[in-house]
file target.cif (mmCIF, C-alpha atoms)
data_structure
loop_
_atom_site.group_PDB
_atom_site.id
_atom_site.type_symbol
_atom_site.label_atom_id
_atom_site.label_comp_id
_atom_site.auth_asym_id
_atom_site.auth_seq_id
_atom_site.Cartn_x
_atom_site.Cartn_y
_atom_site.Cartn_z
ATOM 1 C CA MET J 1 0.000 0.000 0.000
ATOM 2 C CA ALA J 2 1.326 3.441 -0.950
ATOM 3 C CA THR J 3 0.181 6.797 0.412
ATOM 4 C CA ILE J 4 0.570 10.050 -1.514
ATOM 5 C CA LEU J 5 -0.274 13.648 -0.604
ATOM 6 C CA THR J 6 -1.538 15.414 -3.726
ATOM 7 C CA MET J 7 -1.632 19.220 -3.683
ATOM 8 C CA SER J 8 -3.177 21.045 -6.642
ATOM 9 C CA PHE J 9 -2.847 24.731 -7.416
ATOM 10 C CA LYS J 10 -4.491 27.075 -9.915
ATOM 11 C CA CYS J 11 -1.948 28.824 -12.136
ATOM 12 C CA VAL J 12 -2.011 32.551 -12.949
ATOM 13 C CA GLU J 13 -2.032 31.850 -16.696
ATOM 14 C CA GLY J 14 -4.714 29.160 -16.445
ATOM 15 C CA GLY J 15 -4.563 25.454 -15.845
ATOM 16 C CA THR J 16 -3.436 23.616 -12.754
ATOM 17 C CA PHE J 17 -0.176 22.430 -11.251
ATOM 18 C CA THR J 18 -0.063 19.323 -9.086
ATOM 19 C CA CYS J 19 2.620 18.350 -6.612
ATOM 20 C CA ASN J 20 2.748 14.810 -5.194
ATOM 21 C CA LEU J 21 4.615 13.836 -2.029
ATOM 22 C CA ASP J 22 5.141 10.193 -1.080
ATOM 23 C CA ASP J 23 4.511 8.871 2.432
ATOM 24 C CA PRO J 24 2.972 11.878 4.201
ATOM 25 C CA LEU J 25 2.789 11.813 7.986
ATOM 26 C CA ASP J 26 -0.105 9.768 9.362
ATOM 27 C CA ASP J 27 -1.293 12.639 11.574
ATOM 28 C CA LEU J 28 -1.086 15.342 8.911
ATOM 29 C CA THR J 29 -3.925 17.881 9.221
ATOM 30 C CA ALA J 30 -5.764 20.024 6.694
ATOM 31 C CA VAL J 31 -4.500 23.145 8.486
ATOM 32 C CA GLN J 32 -0.875 22.015 8.119
ATOM 33 C CA VAL J 33 -1.288 21.247 4.418
ATOM 34 C CA SER J 34 -3.100 24.531 3.794
ATOM 35 C CA THR J 35 -0.275 26.461 5.488
ATOM 36 C CA VAL J 36 2.361 24.681 3.410
ATOM 37 C CA MET J 37 0.431 25.384 0.228
ATOM 38 C CA ASP J 38 0.166 29.088 1.161
ATOM 39 C CA ASN J 39 3.938 29.137 1.747
ATOM 40 C CA ILE J 40 4.598 27.471 -1.620
ATOM 41 C CA ILE J 41 2.517 30.139 -3.384
ATOM 42 C CA ALA J 42 4.115 33.012 -1.445
ATOM 43 C CA ALA J 43 7.665 31.743 -2.059
ATOM 44 C CA ASP J 44 7.021 31.104 -5.765
ATOM 45 C CA ALA J 45 8.665 27.756 -5.041
ATOM 46 C CA PHE J 46 8.152 26.211 -8.477
ATOM 47 C CA ASP J 47 9.195 27.535 -11.876
ATOM 48 C CA ILE J 48 5.674 27.840 -13.272
ATOM 49 C CA LYS J 49 5.115 30.421 -16.018
ATOM 50 C CA GLY J 50 3.180 33.268 -14.398
ATOM 51 C CA GLY J 51 3.304 31.569 -10.995
ATOM 52 C CA LEU J 52 0.712 29.906 -8.844
ATOM 53 C CA LYS J 53 -2.475 31.847 -8.092
ATOM 54 C CA GLU J 54 -4.322 29.882 -5.407
ATOM 55 C CA LYS J 55 -4.931 26.516 -3.790
ATOM 56 C CA ALA J 56 -7.248 24.227 -5.724
ATOM 57 C CA SER J 57 -7.312 21.047 -3.614
ATOM 58 C CA ALA J 58 -5.354 18.704 -1.404
ATOM 59 C CA GLU J 59 -5.960 15.041 -0.787
ATOM 60 C CA ILE J 60 -4.297 11.970 0.565
ATOM 61 C CA VAL J 61 -4.445 9.105 -1.910
ATOM 62 C CA ILE J 62 -4.038 5.518 -0.739
ATOM 63 C CA ILE J 63 -3.061 3.038 -3.425
ATOM 64 C CA THR J 64 -3.555 -0.656 -2.850
ATOM 65 C CA THR J 65 -1.913 -3.094 -5.229
ATOM 66 C CA ASN J 66 -3.087 -6.670 -5.551
ATOM 67 C CA LYS J 67 -0.318 -8.641 -7.200
ATOM 68 C CA LEU J 68 -1.730 -11.349 -9.432
ATOM 69 C CA PHE J 69 1.482 -13.311 -10.021
#
call {"tool": "encode", "arguments": {"input": "target.cif", "output": "structure tokens"}}
result
Amino acid sequence: MATILTMSFKCVEGGTFTCNLDDPLDDLTAVQVSTVMDNIIAADAFDIKGGLKEKASAEIVIITTNKLF
């Protein structure tokens, strides 16, 4: 089983940018993720043309793999 934190942002010039982080902390809160996303936008942390405008969504995705052989 794999766990991924997916953070999506709206870009200034349209479209979205998604950042995935493997193995987030089990006790991670929405407030913590929201704060990090605000910091990413404020710091212009990624080289996105026009920059990031606002938070779109954040979710923790759990992937279960059933190996067949």
call {"tool": "residues_around", "arguments": {"input": "target.cif", "residues": "Ala42 (chain J)", "least_positions_apart": "6", "cutoff": "12 Å", "atoms": "all atoms listed in the file", "output": "MDAnalysis selection string"}}
result
chainID J and resid 35:36 51:55
call {"tool": "atom_distance", "arguments": {"input": "target.cif", "atom1": "CA of Val31 (chain J)", "atom2": "CA of Ile48 (chain J)"}}
result
24.5 Å
call {"tool": "resolve_selection", "arguments": {"input": "target.cif", "expression": "the PyMOL selection byres ((chain J and resi 8-12) around 7)", "output": "list in words"}}
result
Thr6, Met7, Glu13, Gly14, Gly15, Thr16, Phe17, Thr18, Cys19, Gly50, Gly51, Leu52, Lys53, Glu54, Lys55, Ala56, Ser57 and Ala58 of chain J
call {"tool": "atom_distance", "arguments": {"input": "target.cif", "atom1": "CA of Ile62 (chain J)", "atom2": "CA of Val33 (chain J)"}}
result
16.8 Å
call {"tool": "residues_around", "arguments": {"input": "target.cif", "residues": "Leu5 (chain J)", "least_positions_apart": "3", "cutoff": "9 Å", "atoms": "all atoms listed in the file", "output": "PyMOL selection string"}}
result
chain J and resi 19-24+58-62
call {"tool": "atom_distance", "arguments": {"input": "target.cif", "atom1": "CA of Leu68 (chain J)", "atom2": "CA of Met1 (chain J)"}}
result
14.9 Å
call {"tool": "axis_aligned_box", "arguments": {"input": "target.cif", "around": "region 52-57 of chain J", "padding_each_side": "4 Å", "output": "lines of an AutoDock Vina configuration file"}}
result
center_x = -3.3
center_y = 26.4
center_z = -6.2
size_x = 16.0
size_y = 18.8
size_z = 13.2
call {"tool": "decode", "arguments": {"input": "target.cif", "residues": "region 7-43 of chain J", "atoms": "N, CA, C and O atoms", "output": "mmCIF file, in the first residue's frame"}}
result
data_model
loop_
_atom_site.group_PDB
_atom_site.id
_atom_site.type_symbol
_atom_site.label_atom_id
_atom_site.label_comp_id
_atom_site.auth_asym_id
_atom_site.auth_seq_id
_atom_site.Cartn_x
_atom_site.Cartn_y
_atom_site.Cartn_z
ATOM 1 N N MET J 7 -1.248 17.819 -3.850
ATOM 2 C CA MET J 7 -1.632 19.220 -3.683
ATOM 3 C C MET J 7 -1.774 19.842 -5.073
ATOM 4 O O MET J 7 -0.851 19.781 -5.875
ATOM 5 N N SER J 8 -2.928 20.429 -5.344
ATOM 6 C CA SER J 8 -3.177 21.045 -6.642
ATOM 7 C C SER J 8 -3.364 22.547 -6.468
ATOM 8 O O SER J 8 -4.001 23.000 -5.522
ATOM 9 N N PHE J 9 -2.797 23.279 -7.432
ATOM 10 C CA PHE J 9 -2.847 24.731 -7.416
ATOM 11 C C PHE J 9 -3.411 25.239 -8.738
ATOM 12 O O PHE J 9 -3.194 24.620 -9.772
ATOM 13 N N LYS J 10 -4.083 26.389 -8.698
ATOM 14 C CA LYS J 10 -4.491 27.075 -9.915
ATOM 15 C C LYS J 10 -3.350 27.991 -10.326
ATOM 16 O O LYS J 10 -2.760 28.672 -9.491
ATOM 17 N N CYS J 11 -3.039 28.003 -11.608
ATOM 18 C CA CYS J 11 -1.948 28.824 -12.136
ATOM 19 C C CYS J 11 -2.484 30.174 -12.605
ATOM 20 O O CYS J 11 -3.627 30.280 -13.046
ATOM 21 N N VAL J 12 -1.640 31.197 -12.529
ATOM 22 C CA VAL J 12 -2.011 32.551 -12.949
ATOM 23 C C VAL J 12 -2.455 32.558 -14.409
ATOM 24 O O VAL J 12 -3.445 33.199 -14.765
ATOM 25 N N GLU J 13 -1.736 31.843 -15.264
ATOM 26 C CA GLU J 13 -2.032 31.850 -16.696
ATOM 27 C C GLU J 13 -3.025 30.759 -17.114
ATOM 28 O O GLU J 13 -3.118 30.414 -18.278
ATOM 29 N N GLY J 14 -3.737 30.211 -16.164
ATOM 30 C CA GLY J 14 -4.714 29.160 -16.445
ATOM 31 C C GLY J 14 -4.143 27.788 -16.191
ATOM 32 O O GLY J 14 -2.932 27.604 -16.080
ATOM 33 N N GLY J 15 -4.993 26.821 -16.092
ATOM 34 C CA GLY J 15 -4.563 25.454 -15.845
ATOM 35 C C GLY J 15 -4.261 25.202 -14.374
ATOM 36 O O GLY J 15 -4.487 26.060 -13.511
ATOM 37 N N THR J 16 -3.773 24.007 -14.121
ATOM 38 C CA THR J 16 -3.436 23.616 -12.754
ATOM 39 C C THR J 16 -2.038 23.020 -12.703
ATOM 40 O O THR J 16 -1.512 22.543 -13.713
ATOM 41 N N PHE J 17 -1.471 23.050 -11.525
ATOM 42 C CA PHE J 17 -0.176 22.430 -11.251
ATOM 43 C C PHE J 17 -0.382 21.522 -10.058
ATOM 44 O O PHE J 17 -0.996 21.918 -9.057
ATOM 45 N N THR J 18 0.100 20.293 -10.158
ATOM 46 C CA THR J 18 -0.063 19.323 -9.086
ATOM 47 C C THR J 18 1.295 18.866 -8.580
ATOM 48 O O THR J 18 2.196 18.578 -9.363
ATOM 49 N N CYS J 19 1.402 18.799 -7.273
ATOM 50 C CA CYS J 19 2.620 18.350 -6.612
ATOM 51 C C CYS J 19 2.266 17.128 -5.763
ATOM 52 O O CYS J 19 1.321 17.173 -4.967
ATOM 53 N N ASN J 20 2.987 16.032 -5.949
ATOM 54 C CA ASN J 20 2.748 14.810 -5.194
ATOM 55 C C ASN J 20 3.916 14.526 -4.257
ATOM 56 O O ASN J 20 5.071 14.609 -4.667
ATOM 57 N N LEU J 21 3.600 14.194 -3.014
ATOM 58 C CA LEU J 21 4.615 13.836 -2.029
ATOM 59 C C LEU J 21 4.317 12.439 -1.490
ATOM 60 O O LEU J 21 3.202 12.173 -1.017
ATOM 61 N N ASP J 22 5.299 11.560 -1.572
ATOM 62 C CA ASP J 22 5.141 10.193 -1.080
ATOM 63 C C ASP J 22 5.198 10.142 0.437
ATOM 64 O O ASP J 22 5.901 10.914 1.079
ATOM 65 N N ASP J 23 4.476 9.204 1.008
ATOM 66 C CA ASP J 23 4.511 8.871 2.432
ATOM 67 C C ASP J 23 4.328 10.065 3.369
ATOM 68 O O ASP J 23 5.192 10.349 4.198
ATOM 69 N N PRO J 24 3.207 10.772 3.268
ATOM 70 C CA PRO J 24 2.972 11.878 4.201
ATOM 71 C C PRO J 24 2.782 11.348 5.622
ATOM 72 O O PRO J 24 2.465 10.169 5.816
ATOM 73 N N LEU J 25 2.981 12.200 6.595
ATOM 74 C CA LEU J 25 2.789 11.813 7.986
ATOM 75 C C LEU J 25 1.368 11.315 8.211
ATOM 76 O O LEU J 25 0.416 11.847 7.626
ATOM 77 N N ASP J 26 1.221 10.325 9.075
ATOM 78 C CA ASP J 26 -0.105 9.768 9.362
ATOM 79 C C ASP J 26 -1.030 10.781 10.032
ATOM 80 O O ASP J 26 -2.242 10.730 9.849
ATOM 81 N N ASP J 27 -0.468 11.688 10.828
ATOM 82 C CA ASP J 27 -1.293 12.639 11.574
ATOM 83 C C ASP J 27 -1.335 14.023 10.927
ATOM 84 O O ASP J 27 -1.654 15.017 11.583
ATOM 85 N N LEU J 28 -1.074 14.086 9.647
ATOM 86 C CA LEU J 28 -1.086 15.342 8.911
ATOM 87 C C LEU J 28 -2.498 15.932 8.912
ATOM 88 O O LEU J 28 -3.476 15.220 8.696
ATOM 89 N N THR J 29 -2.608 17.241 9.160
ATOM 90 C CA THR J 29 -3.925 17.881 9.221
ATOM 91 C C THR J 29 -4.149 18.787 8.014
ATOM 92 O O THR J 29 -3.198 19.211 7.350
ATOM 93 N N ALA J 30 -5.407 19.114 7.782
ATOM 94 C CA ALA J 30 -5.764 20.024 6.694
ATOM 95 C C ALA J 30 -5.147 21.403 6.925
ATOM 96 O O ALA J 30 -4.706 22.057 5.975
ATOM 97 N N VAL J 31 -5.082 21.840 8.168
ATOM 98 C CA VAL J 31 -4.500 23.145 8.486
ATOM 99 C C VAL J 31 -3.018 23.164 8.127
ATOM 100 O O VAL J 31 -2.519 24.129 7.540
ATOM 101 N N GLN J 32 -2.298 22.096 8.446
ATOM 102 C CA GLN J 32 -0.875 22.015 8.119
ATOM 103 C C GLN J 32 -0.653 22.059 6.613
ATOM 104 O O GLN J 32 0.216 22.783 6.121
ATOM 105 N N VAL J 33 -1.429 21.288 5.877
ATOM 106 C CA VAL J 33 -1.288 21.247 4.418
ATOM 107 C C VAL J 33 -1.643 22.598 3.816
ATOM 108 O O VAL J 33 -0.942 23.100 2.934
ATOM 109 N N SER J 34 -2.696 23.223 4.299
ATOM 110 C CA SER J 34 -3.100 24.531 3.794
ATOM 111 C C SER J 34 -1.996 25.565 4.020
ATOM 112 O O SER J 34 -1.701 26.378 3.122
ATOM 113 N N THR J 35 -1.370 25.537 5.183
ATOM 114 C CA THR J 35 -0.275 26.461 5.488
ATOM 115 C C THR J 35 0.903 26.241 4.554
ATOM 116 O O THR J 35 1.488 27.205 4.028
ATOM 117 N N VAL J 36 1.261 24.995 4.320
ATOM 118 C CA VAL J 36 2.361 24.681 3.410
ATOM 119 C C VAL J 36 2.041 25.167 2.000
ATOM 120 O O VAL J 36 2.892 25.757 1.330
ATOM 121 N N MET J 37 0.818 24.946 1.565
ATOM 122 C CA MET J 37 0.431 25.384 0.228
ATOM 123 C C MET J 37 0.490 26.909 0.109
ATOM 124 O O MET J 37 0.947 27.437 -0.910
ATOM 125 N N ASP J 38 0.058 27.626 1.158
ATOM 126 C CA ASP J 38 0.166 29.088 1.161
ATOM 127 C C ASP J 38 1.628 29.511 1.052
ATOM 128 O O ASP J 38 1.963 30.451 0.316
ATOM 129 N N ASN J 39 2.500 28.825 1.782
ATOM 130 C CA ASN J 39 3.938 29.137 1.747
ATOM 131 C C ASN J 39 4.546 28.867 0.371
ATOM 132 O O ASN J 39 5.401 29.628 -0.095
ATOM 133 N N ILE J 40 4.112 27.795 -0.275
ATOM 134 C CA ILE J 40 4.598 27.471 -1.620
ATOM 135 C C ILE J 40 4.212 28.584 -2.594
ATOM 136 O O ILE J 40 5.024 29.038 -3.399
ATOM 137 N N ILE J 41 2.974 29.059 -2.502
ATOM 138 C CA ILE J 41 2.517 30.139 -3.384
ATOM 139 C C ILE J 41 3.298 31.422 -3.098
ATOM 140 O O ILE J 41 3.789 32.075 -4.017
ATOM 141 N N ALA J 42 3.436 31.769 -1.825
ATOM 142 C CA ALA J 42 4.115 33.012 -1.445
ATOM 143 C C ALA J 42 5.590 33.010 -1.839
ATOM 144 O O ALA J 42 6.134 34.042 -2.243
ATOM 145 N N ALA J 43 6.234 31.842 -1.750
ATOM 146 C CA ALA J 43 7.665 31.743 -2.059
ATOM 147 C C ALA J 43 7.927 31.564 -3.542
ATOM 148 O O ALA J 43 9.085 31.569 -3.962
#
